[in-house]
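Novice: Right, I'll just put the structure down here and ask away after.
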Amino acid sequence: MIAQLTAWLTHPLGHMIAALVAIMAFLGVNGLVLVYMERKVAGFIQRRPGPYEVGPQGLLQPLADAGKLISKQLTIPDGADKLMFWAAPVLSMAPVVICFLPIPFSPLLTGMDVNLGLLLILAFSGLNSLALCLAGWGSNNKYSLLGAARAVAQAVAYEIPLLLAVLAVAFQTGSLNLSVIAEEQSRGLLSWNVFTHPLAFFIFFVASVAETNRSPFDLPEAESELTAGFHTEYSGMGFGIFFLAEYSYMVIVCAVATALFLGGWDGPVLPGIWWFLAKVFGLIFVMMWFRWTFPRVRFDQLLNICWKWLIPLGLLNLVVTALMLKLVR
Amino acid sequence: MGRDVNETLTGDFYTNHFAPGLSEDGDTLILNIGPQHPATHGVLRVIVELDGEYIRKSEPVLGYIHRMHEKMGEVKTYAQYLPNMGRVDYLHALAWNWAYVGAVEKLMGITLPPRAEYIRVITCELNRISSHLLWWGAYLLDLGGFTPILYGFADRERILDILQIVTGSRLTYCYFRFGGVAADVTDEFIALTRQFCRDFTRRLPMYRDLVTGNMILRGRCEEIGVLPPEMARRYGATGPVLRGSGVAYDVRRCEPYSVYDRLAFDIPTGQTGDAMDRYEVRMAEMAQSVAIIEQALEALPEGHILSPELPERLIPPKGEVYFAVEGARGKIGVYLLSDGTAKPYRLKLRSPSFSNLSLFAELAQGTLLADAVSIMGSLDLVIPEIDR
């Protein structure tokens, strides 16, 4: 029985199915944990307790939130394109699962060891902007449309510095496989890429905050301008899935940042998986810190940061990296 | 290609009224902001014509919270109407209290005992700080910063607690009376106010470090909504909006009432008249209010809190009177026409938010939608005051 199971799990297909199921479970739990974490972090920064009524220390609050979202009626606005309207949240969530496959949680715990893992993640996370676009267009609401237009412009602009930052690391390692890149950095603290590529890490992190539509770059859903942007018309789980997808993308970009720059699973004493998760959630905490501290930038300022600062800096970083590699080798 | 108004617009009176000035190419988006929208802080509605995200034309639509305050003034006796004043501008209720009782006192020639004057100054300035604190939080909320409003509310909460001791209420105060105030201040009130002034003087530099110096905030406020002084005059803007443009007009200084001429305080002004200047003026005004409160507490004399020679029935003589005070949003004026009966013949309220809002359409023209939100926030509008 156990031998059979092991045989089935070591088969590539079986391994992948098991990984997908595990990822789905992780995403669900992750959503709950991050909702709780976000509310507690917000409470801490705003000098209030945060949720504490439901369960001990408010631990059951995310479950109550989820229950509320699931039990709410799903409404469709008049004149909305039903197919697009409901395809959008699904399309936003579906690529997330694939993006998790190549992430190396530890040397043994990788959903699918692919050579082009980094490319896979970047390609599939790009689908999210399509989902936001559909949501904005299908809602038949002007605020949603403006939000969608912002989302697309923002996602397209910020994918470039993201790629430039990633490329610098890929140059050095000579691989797009995240496991290999993480493995390269597992020789102690000083082998981490964040010390050899500090600028690339900075660019990557800023661009990933923008890619995940988090404050101060949360323009597609800027509530004081566009009420709720692209998800204005979504109720119940329609909104819930967008929400879950946003949190999942946060984990993805932070996991990629950890694997690329922060040594992946590298760390003393504890098993690698705990170090990996600690670094991921540390980065997520920084993103939450941003959200509850900064005001929102304006749209032209957002694009100026990208085109006038991040892209030239990214190109410069790439050129310097390439030259250094040529000289050293 | 011209836009066929009847075909494309099937809206209400206001959208149809908005239609004639629309751009000829028809390639614009008409967006209805409000009456329920997070940026309007109440039931204000603004129709805007957007070209991309640039505003071609905008028009505020008023009247969603019109409660006929002026008409009510004509059918109620002078004393019965007093509680209405706390509801006109709920954030600086005591200034409206003052404008109304001040007008009646001026008409009847009632002089106040000095203790009442000082109590009025102290409570009104405390109320001004609480109003500015709420504006500060709400403005940052408009710009997407969630946290400052909770810090502002922590300080505001203390002011509300202090004012509750003497006024008995926390928001819609009805504390001033014709010829004085309703209740004397207690030792607890004085001690708490002194403590608050000490603590708040330390909090203001913290706000400056945490929020005012922020690069993103400065990017959202500087050079945004530049209001030239002559334009501010043209629209009758007053208060921090006018002072942000560099005009040092403050009713407390220019047409001194009560004991303000005996107190030393500065009139902070801006240079360029952008949203940041209006922001800075309000932040500086809070410090000035603290200074006024501290001086007034020092000088607080003993004595009556209500004028002893008040008539039993309040019937002013025939005549008309105008009395203005400086509210948190600008010049609050009350015009009274008395026909010698127990009720005013006509009552007119001059609210600063109404004049300040009328700036918006011209100021917002050609700006981005996000800038328009910033401009609207920097005007510090209280919607019930606009509609009265």
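In the structure tokens, the first chain shown is A, the next is B, and so on; residue numbers restart at 1 for each chain, and ligands run from 1 in the order shown.
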Counting only C-alpha atoms, which residues of chain B come no farther than 10 Å from chain A, as a PyMOL selection string?
Specialist: chain B and resi 29-34+36-41+52-53+140-151+154+210-211+214-220+368-374
Novice: From a DSSP calculation on the backbone, collect every residue of segment 154-331 of chain B in helix (DSSP H, G or I) and output the set as a ChimeraX atom specification.
Specialist: /B:154-167,187-212,215-221,229-235,239-244,251-254,260-262,275-299
Novice: Mind pulling up the distance from atom CA of Leu162 of chain A to atom CA of Leu323 of chain A?
Specialist: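 If I compute the distance from atom CA of Leu323 of chain A to atom CA of Leu162 of chain A, I get 20.3 Å.
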Novice: Give me, as a list in words, all polymer residues having an atom no more than 6 Å from Pro35 of chain B, counting only C-alpha atoms and skipping those fewer than 3 positions away in the same chain.
Specialist: Val43, Leu44 and Arg45 of chain B
Novice: Quick one: residues within 8 Å of Tyr36 of chain A, only C-alpha atoms, excluding same-chain residues fewer than 3 positions away - as JSON, numbers by chain?
Specialist: {"A": [32, 33, 39, 40, 51, 59, 61, 62]}
Novice: If you count only C-alpha atoms, which residues fall within 12 Å of segment 18-28 of chain A, apart from same-chain ones fewer than 6 positions away, as a PyMOL selection string?
Specialist: chain A and resi 5-6+8-12+34-35+62-63+66+93-105+108-113+240-241+243-252+277
Novice: I want to know what sits within 9 Å of Ala322 of chain A, based on only C-alpha atoms, with residues of the same chain fewer than 5 positions away left out; could you give that as a ChimeraX atom specification?
Specialist: /A:168,171-172,317,327
Novice: Take the residues from that selection and put them in a file with N, CA and C atoms, as a short mmCIF file (atom, residue, chain, number, x, y, z; two decimals), in the first residue's frame.
Specialist:
data_model
loop_
_atom_site.label_atom_id
_atom_site.label_comp_id
_atom_site.auth_asym_id
_atom_site.auth_seq_id
_atom_site.Cartn_x
_atom_site.Cartn_y
_atom_site.Cartn_z
N ALA A 168 18.96 39.99 -14.11
CA ALA A 168 20.30 40.17 -13.55
C ALA A 168 20.71 38.95 -12.75
N PHE A 171 21.28 35.95 -15.08
CA PHE A 171 22.60 36.05 -15.72
C PHE A 171 23.66 35.39 -14.86
N GLN A 172 23.61 35.74 -13.58
CA GLN A 172 24.67 35.28 -12.68
C GLN A 172 24.60 33.77 -12.48
N ASN A 317 21.61 48.26 -14.04
CA ASN A 317 21.98 47.12 -13.21
C ASN A 317 22.31 45.91 -14.07
N LEU A 327 33.97 40.09 -16.96
CA LEU A 327 35.33 40.36 -16.46
C LEU A 327 35.80 39.26 -15.51
#
Novice: Which residues are near Ala210 of chain A? Cut-off 10 Å, only C-alpha atoms, ignore same chain within fewer than 2 positions. Put them as a count of residues only.
Specialist: 22
Novice: Between atom CA of Ser307 of chain B and atom CA of Ala342 of chain B, what is the spacing in Å?
Specialist: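 So the two atoms, atom CA of Ala342 of chain B and atom CA of Ser307 of chain B, lie 19.7 Å apart.
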